[in-house]
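**Student:** Sharing structure.txt (compact mmCIF, C-alpha atoms) below.
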# COMPACT_ATOMS: atom_id res chain seq x y z
CA MET A 116 56.60 -85.70 -53.73
CA THR A 117 57.14 -83.69 -56.92
CA PRO A 118 60.87 -83.58 -57.83
CA ARG A 119 62.33 -80.10 -57.69
CA PRO A 120 65.55 -78.77 -59.26
CA ALA A 121 68.53 -79.43 -57.00
CA ALA A 122 69.56 -76.50 -54.84
CA LEU A 123 73.13 -75.28 -55.18
CA LEU A 124 75.50 -76.36 -52.42
CA CYS A 125 77.01 -73.67 -50.30
CA LEU A 126 79.90 -74.66 -48.01
CA SER A 127 81.45 -72.39 -45.40
CA ARG A 128 83.89 -72.94 -42.60
CA ALA A 129 81.09 -72.95 -40.09
CA ALA A 130 78.00 -74.59 -41.57
CA VAL A 131 76.07 -76.02 -44.44
CA LEU A 132 72.97 -73.79 -44.38
CA LEU A 133 69.66 -75.47 -45.12
CA LEU A 134 68.31 -74.39 -48.51
CA ALA A 135 70.72 -71.44 -48.70
CA SER A 136 71.47 -69.66 -51.97
CA CYS A 137 75.12 -69.57 -52.99
CA GLU A 138 74.78 -66.94 -55.73
CA GLY A 139 76.85 -63.92 -54.86
CA ALA A 140 77.64 -65.38 -51.44
CA THR A 141 80.26 -63.85 -49.21
CA ASP A 142 82.01 -65.23 -46.16
CA THR A 143 79.33 -65.56 -43.49
CA THR A 144 81.38 -67.47 -40.93
CA ASP A 145 79.67 -67.71 -37.56
CA ASP A 146 82.19 -68.79 -34.96
CA THR A 147 79.39 -69.74 -32.56
CA LEU A 148 78.53 -72.81 -34.68
CA PRO A 149 80.69 -75.95 -34.80
CA GLU A 150 82.86 -76.42 -37.84
CA LEU A 151 81.32 -78.71 -40.46
CA GLU A 152 83.12 -79.50 -43.70
CA PHE A 153 82.52 -81.89 -46.56
CA VAL A 154 84.91 -82.70 -49.40
CA ALA A 155 83.39 -81.64 -52.73
CA LEU A 156 83.20 -84.09 -55.61
CA VAL A 157 85.29 -82.95 -58.58
CA GLY A 158 83.33 -82.84 -61.82
CA GLU A 159 79.66 -82.82 -62.70
CA PRO A 160 77.28 -85.79 -62.73
CA ASP A 161 77.18 -87.71 -66.01
CA ARG A 162 73.52 -86.76 -66.34
CA PRO A 163 70.99 -84.79 -64.28
CA LEU A 164 69.66 -86.97 -61.49
CA PRO A 165 66.01 -86.60 -60.43
CA ILE A 166 65.52 -85.57 -56.81
CA ILE A 167 62.93 -87.86 -55.22
CA GLY A 168 62.97 -86.68 -51.61
CA ALA A 169 64.63 -84.77 -48.79
CA ILE A 170 66.33 -85.60 -45.48
CA PRO A 171 66.60 -82.38 -43.46
CA ALA A 172 68.61 -82.90 -40.28
CA THR A 173 70.66 -81.25 -37.58
CA TYR A 174 74.15 -82.75 -37.56
CA ASP A 175 76.60 -81.70 -34.86
CA GLY A 176 74.42 -78.63 -34.19
CA VAL A 177 74.35 -77.57 -37.85
CA PRO A 178 71.32 -77.78 -40.19
CA VAL A 179 72.07 -79.95 -43.23
CA LEU A 180 69.87 -80.93 -46.15
CA TRP A 181 70.47 -84.28 -47.80
CA GLN A 182 68.47 -85.40 -50.82
CA THR A 183 67.46 -88.80 -52.16
CA LEU A 184 68.14 -89.33 -55.87
CA ASP A 185 66.98 -91.61 -58.65
CA PHE A 186 69.97 -93.30 -60.32
CA SER A 187 67.72 -95.48 -62.49
CA LEU A 188 69.01 -96.03 -66.01
CA GLY A 189 67.73 -99.24 -67.55
CA ALA A 190 67.00 -100.64 -64.07
CA ILE A 191 65.23 -99.43 -60.93
CA ASP A 192 67.94 -97.80 -58.81
CA PRO A 193 66.83 -95.05 -56.40
CA SER A 194 68.71 -94.12 -53.22
CA ALA A 195 65.62 -94.99 -51.16
CA ASN A 196 64.01 -98.41 -51.10
CA LEU A 197 62.20 -101.05 -49.11
CA SER A 198 63.25 -104.65 -49.65
CA ARG A 199 62.37 -108.09 -48.29
CA TYR A 200 64.89 -110.87 -47.62
CA ASP A 201 64.10 -114.10 -45.76
CA GLY A 202 60.84 -112.56 -44.59
CA THR A 203 62.45 -109.40 -43.14
CA VAL A 204 61.57 -105.99 -44.59
CA SER A 205 64.47 -103.52 -44.62
CA LEU A 206 64.81 -99.81 -45.28
CA TYR A 207 67.70 -98.18 -47.12
CA LEU A 208 68.17 -94.41 -47.50
CA GLY A 209 71.12 -92.76 -49.20
CA GLY A 210 71.36 -89.00 -48.76
CA HIS A 211 73.35 -86.70 -51.04
CA LEU A 212 74.24 -83.03 -50.64
CA PRO A 213 72.42 -80.73 -53.09
CA GLY A 214 74.20 -80.61 -56.46
CA GLN A 215 76.45 -83.61 -55.74
CA ASP A 216 75.91 -87.35 -55.94
CA PHE A 217 79.17 -88.91 -54.68
CA ARG A 218 78.84 -91.99 -56.87
CA GLU A 219 82.02 -93.58 -55.49
CA ASN A 220 80.34 -94.48 -52.20
CA TYR A 221 76.73 -93.89 -53.29
CA SER A 222 75.90 -91.44 -50.51
CA LEU A 223 77.18 -89.20 -47.75
CA LEU A 224 74.37 -90.13 -45.35
CA ARG A 225 73.49 -93.82 -45.09
CA ILE A 226 70.53 -95.12 -43.11
CA GLU A 227 69.66 -98.80 -42.95
CA ALA A 228 67.15 -100.50 -40.66
CA GLU A 229 64.87 -103.48 -40.29
CA LEU A 230 61.09 -102.99 -40.06
CA PRO A 231 59.94 -105.79 -37.74
CA ALA A 232 56.23 -105.27 -38.45
CA GLY A 233 56.76 -105.12 -42.21
CA PRO A 234 56.04 -102.18 -44.56
CA VAL A 235 53.83 -100.28 -42.12
CA PRO A 236 54.40 -97.27 -39.82
CA GLY A 237 56.20 -98.01 -36.57
CA PRO A 238 59.62 -98.24 -34.92
CA ALA A 239 62.57 -99.90 -36.66
CA LYS A 240 65.31 -102.09 -35.21
CA VAL A 241 68.93 -103.01 -36.15
CA ILE A 242 69.45 -99.37 -37.16
CA GLU A 243 72.66 -98.31 -38.89
CA ILE A 244 73.31 -94.61 -39.50
CA ALA A 245 76.56 -93.19 -40.90
CA VAL A 246 77.84 -89.90 -42.29
CA ILE A 247 80.74 -90.59 -44.66
CA ASP A 248 83.40 -87.88 -44.87
CA VAL A 249 84.72 -88.45 -48.40
CA PRO A 250 83.86 -90.66 -51.38
CA GLY A 251 85.02 -94.25 -51.04
CA TYR A 252 83.70 -97.63 -49.94
CA ASP A 253 86.07 -97.84 -46.98
CA ALA A 254 86.35 -94.11 -46.24
CA PRO A 255 86.41 -92.58 -42.74
CA ARG A 256 82.97 -91.91 -41.30
CA TYR A 257 80.90 -91.16 -38.22
CA VAL A 258 78.76 -94.17 -37.30
CA GLY A 259 75.84 -94.73 -34.95
CA GLY A 260 75.64 -96.99 -31.93
CA ALA A 261 73.08 -98.51 -29.61
CA ASP A 262 71.18 -95.25 -29.06
CA ALA A 263 70.14 -94.97 -32.74
CA ARG A 264 66.39 -94.56 -33.20
CA LEU A 265 64.22 -94.60 -36.34
CA GLU A 266 60.45 -94.59 -36.75
CA MET A 267 58.46 -94.88 -39.94
CA THR A 268 55.60 -92.39 -39.79
CA ALA A 269 53.98 -93.18 -43.16
CA ILE A 270 54.35 -95.81 -45.87
CA THR A 271 52.26 -95.52 -49.04
CA PRO A 272 52.77 -98.32 -51.60
CA PRO A 273 52.56 -97.69 -55.36
CA THR A 274 49.08 -96.70 -56.44
CA ASP A 275 48.96 -98.93 -59.54
CA ASP A 276 50.43 -102.12 -60.98
CA PHE A 277 52.68 -100.23 -63.39
CA SER A 278 54.77 -98.30 -60.85
CA VAL A 279 57.31 -99.55 -58.30
CA PHE A 280 57.58 -96.20 -56.51
CA GLY A 281 55.64 -95.34 -53.36
CA GLN A 282 56.12 -92.78 -50.59
CA ILE A 283 57.76 -93.16 -47.18
CA SER A 284 58.47 -90.77 -44.32
CA GLY A 285 59.90 -90.98 -40.84
CA ASN A 286 62.29 -89.58 -38.27
CA PHE A 287 65.61 -90.67 -36.80
CA SER A 288 68.28 -89.76 -34.27
CA ALA A 289 71.65 -91.12 -33.16
CA THR A 290 75.01 -90.36 -31.64
CA LEU A 291 77.65 -90.91 -34.33
CA CYS A 292 81.27 -91.64 -33.41
CA ARG A 293 84.37 -91.50 -35.57
CA ALA A 294 85.57 -94.66 -37.34
CA GLU A 295 88.57 -94.63 -39.65
CA SER A 296 87.05 -97.23 -41.99
CA ARG A 297 83.91 -99.25 -42.60
CA THR A 298 84.97 -101.96 -40.13
CA ALA A 299 87.04 -99.91 -37.66
CA THR A 300 86.04 -99.61 -34.01
CA PRO A 301 84.42 -96.18 -33.39
CA ASP A 302 86.24 -93.71 -31.15
CA ARG A 303 83.78 -92.92 -28.34
CA ASP A 304 85.74 -89.76 -27.50
CA ASP A 305 84.97 -88.23 -30.92
CA CYS A 306 81.20 -88.17 -31.41
CA LYS A 307 78.48 -86.00 -32.96
CA THR A 308 74.71 -86.09 -32.68
CA ILE A 309 72.29 -86.26 -35.59
CA GLU A 310 68.53 -85.83 -35.63
CA GLY A 311 66.27 -85.48 -38.63
CA THR A 312 63.32 -86.49 -40.73
CA PHE A 313 62.85 -87.91 -44.21
CA GLU A 314 60.12 -87.80 -46.83
CA THR A 315 60.83 -89.44 -50.14
CA GLU A 316 59.71 -91.63 -52.96
CA ALA A 317 61.09 -95.15 -52.60
CA SER A 318 61.21 -98.36 -54.59
CA PHE A 319 58.85 -101.12 -53.43
CA GLU A 320 60.00 -103.41 -56.25
CA SER A 321 61.30 -106.28 -54.12
CA LEU A 322 58.16 -106.32 -51.94
CA ARG A 323 55.98 -107.54 -54.79
Output the file's structure in the form of C-alpha cells.
**Tutor:**
Amino acid sequence: MTPRPAALLCLSRAAVLLLASCEGATDTTDDTLPELEFVALVGEPDRPLPIIGAIPATYDGVPVLWQTLDFSLGAIDPSANLSRYDGTVSLYLGGHLPGQDFRENYSLLRIEAELPAGPVPGPAKVIEIAVIDVPGYDAPRYVGGADARLEMTAITPPTDDFSVFGQISGNFSATLCRAESRTATPDRDDCKTIEGTFETEASFESLR
C-alpha cells in the first residue's frame, strides 16, 4: 500500500465521518446518530509519521477511520506487526485517528490475536480488541469479550531479503464493553459494537 498524506481529523458531537474534509466545516450534527467523542491530543507529532495502512470500521453505528503508522526511528517500530514467541505467531495492530498519534498509549484502537496456523490466511484465536478513550496506559476503554472474531484474508511476506515489511489484510468484529482501566472488569450494561477491515504494511522482522 502506498502511504498517503494523513487526512485531517474532523470531530463533531455526533460522528467521526470517514475521510471527511474539515476545511471550512460547519456544525453538521445529526441527532439520529449515536454520540461519539474522542479526546484530542494537544500538540503536533515530533515528526511526520508515515501512514502504512488503514482500518475503516463502524463503531457504535458510526463510521471511523483508523490508520496504522510507522514509528521507526533507528529501529523497526510500526503499529502493525506479526511476531513469533514460543512457536505461536501473533498479530498486533494499533490504529490512530487521522492527524494524531497518541504516543502516550500508542494507539486508540488495539487489536491483538494469535494465528494458530501461522502467518497464513485464516481465523485467529485469543482475540483482544479495545478502543481506548484517552491517552494513557491504564486509561478507560471499551474492551471485547468472547464474541470477538478476526480473520486474516491475506498475508504477503517481504518480497526480498532487505525488507522486513510485508502486507496483511483481514476483518474483525466484537462487542466492546466499558472498563475503567486496563485490568478492570467490563460493565456488560455499557457496550458498543465494532466491525471493520484492515489493510496495512506490517513488520515480519521477528518471523525470520
**Student:** Which region 207-273 of chain A residues have any atom within 6 Å of an atom of region 293-317 of chain A, and for each, what is the nearest pair of atoms with distance in Å to one decimal, counting only C-alpha atoms, rows sorted by chain and number, as a Markdown table?
**Tutor:**
| residue | atom | partner | partner_atom | distance |
| --- | --- | --- | --- | --- |
| A:Asp253 | CA | A:Arg297 | CA | 5.1 |
| A:Ala254 | CA | A:Ser296 | CA | 5.3 |
| A:Pro255 | CA | A:Glu295 | CA | 4.3 |
| A:Arg256 | CA | A:Ala294 | CA | 5.5 |
| A:Tyr257 | CA | A:Arg293 | CA | 4.4 |
**Student:** Just to be explicit: take each residue in the selection above, keep C-alpha atoms, and write the result as an mmCIF file, in the frame of the given file.
**Tutor:**
data_model
loop_
_atom_site.group_PDB
_atom_site.id
_atom_site.type_symbol
_atom_site.label_atom_id
_atom_site.label_comp_id
_atom_site.auth_asym_id
_atom_site.auth_seq_id
_atom_site.Cartn_x
_atom_site.Cartn_y
_atom_site.Cartn_z
ATOM 1 C CA ASP A 253 86.070 -97.840 -46.980
ATOM 2 C CA ALA A 254 86.350 -94.110 -46.240
ATOM 3 C CA PRO A 255 86.410 -92.580 -42.740
ATOM 4 C CA ARG A 256 82.970 -91.910 -41.300
ATOM 5 C CA TYR A 257 80.900 -91.160 -38.220
#
**Student:** Between CA of Phe287 (chain A) and CA of Met267 (chain A), what distance in Å does the model show, to one decimal?
**Tutor:**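 For CA of Phe287 (chain A) relative to CA of Met267 (chain A), the distance reads 8.9 Å.
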**Student:** Identify which of the residues A:Gly281, A:Cys292, A:Glu229, A:Leu164 lies closest to Glu266 (chain A), counting all atoms listed in the file when measuring atom-to-atom distances.
**Tutor:**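 Result for the nearest residue to Glu266 (chain A): A:Glu229.
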**Student:** CA of Asp192 (chain A) and CA of Pro238 (chain A), how far apart in Å?
**Tutor:** 25.3 Å
**Student:** How many Å separate CA of Ser194 (chain A) from CA of Gly176 (chain A)?
**Tutor:**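 Between CA of Ser194 (chain A) and CA of Gly176 (chain A) the gap works out to 25.2 Å.
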**Student:** Applying 8 Å and only C-alpha atoms, which residues near Ile242 (chain A) remain after dropping the ones on its own chain fewer than 4 positions away? List them as number ranges by chain.
**Tutor:** A: 226-229, 263-265
**Student:** Convert the current residue selection to file output with C-alpha atoms, as an mmCIF file, in the coordinates of the input.
**Tutor:**
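Saved result, result31.cif, follows:
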data_model
loop_
_atom_site.group_PDB
_atom_site.id
_atom_site.type_symbol
_atom_site.label_atom_id
_atom_site.label_comp_id
_atom_site.auth_asym_id
_atom_site.auth_seq_id
_atom_site.Cartn_x
_atom_site.Cartn_y
_atom_site.Cartn_z
ATOM 1 C CA ILE A 226 70.530 -95.120 -43.110
ATOM 2 C CA GLU A 227 69.660 -98.800 -42.950
ATOM 3 C CA ALA A 228 67.150 -100.500 -40.660
ATOM 4 C CA GLU A 229 64.870 -103.480 -40.290
ATOM 5 C CA ALA A 263 70.140 -94.970 -32.740
ATOM 6 C CA ARG A 264 66.390 -94.560 -33.200
ATOM 7 C CA LEU A 265 64.220 -94.600 -36.340
#
**Student:** Please determine, counting only C-alpha atoms, which residue among A:Leu223, A:Ile166, A:Leu206, A:Leu197 has the shortest atom-to-atom distance to Lys240 (chain A).
**Tutor:** A:Leu206
**Student:** In terms of the shortest atom-to-atom distance over all atoms listed in the file, which of A:Leu180, A:Ala239, A:Val258, A:Val249 is closest to Arg225 (chain A)?
**Tutor:** A:Val258
**Student:** Would you mind telling me which residue in A:Asp262, A:Glu243, A:Glu320, A:Asp248 lies nearest to Val279 (chain A) when using all atoms listed in the file?
**Tutor:** A:Glu320
**Student:** May I have the residues within 6 Å of Ala269 (chain A) as an MDAnalysis selection string, using all atoms listed in the file and disregarding those fewer than 3 positions away in the same chain?
**Tutor:** chainID A and resid 236 283:284
**Student:** Restricting the calculation to all atoms listed in the file, which member of A:Ser318, A:Trp181, A:Ile244, A:Arg323 is positioned closest to Ala195 (chain A)?
**Tutor:**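 Counting all atoms listed in the file, the residue closest to Ala195 (chain A) is A:Ser318.
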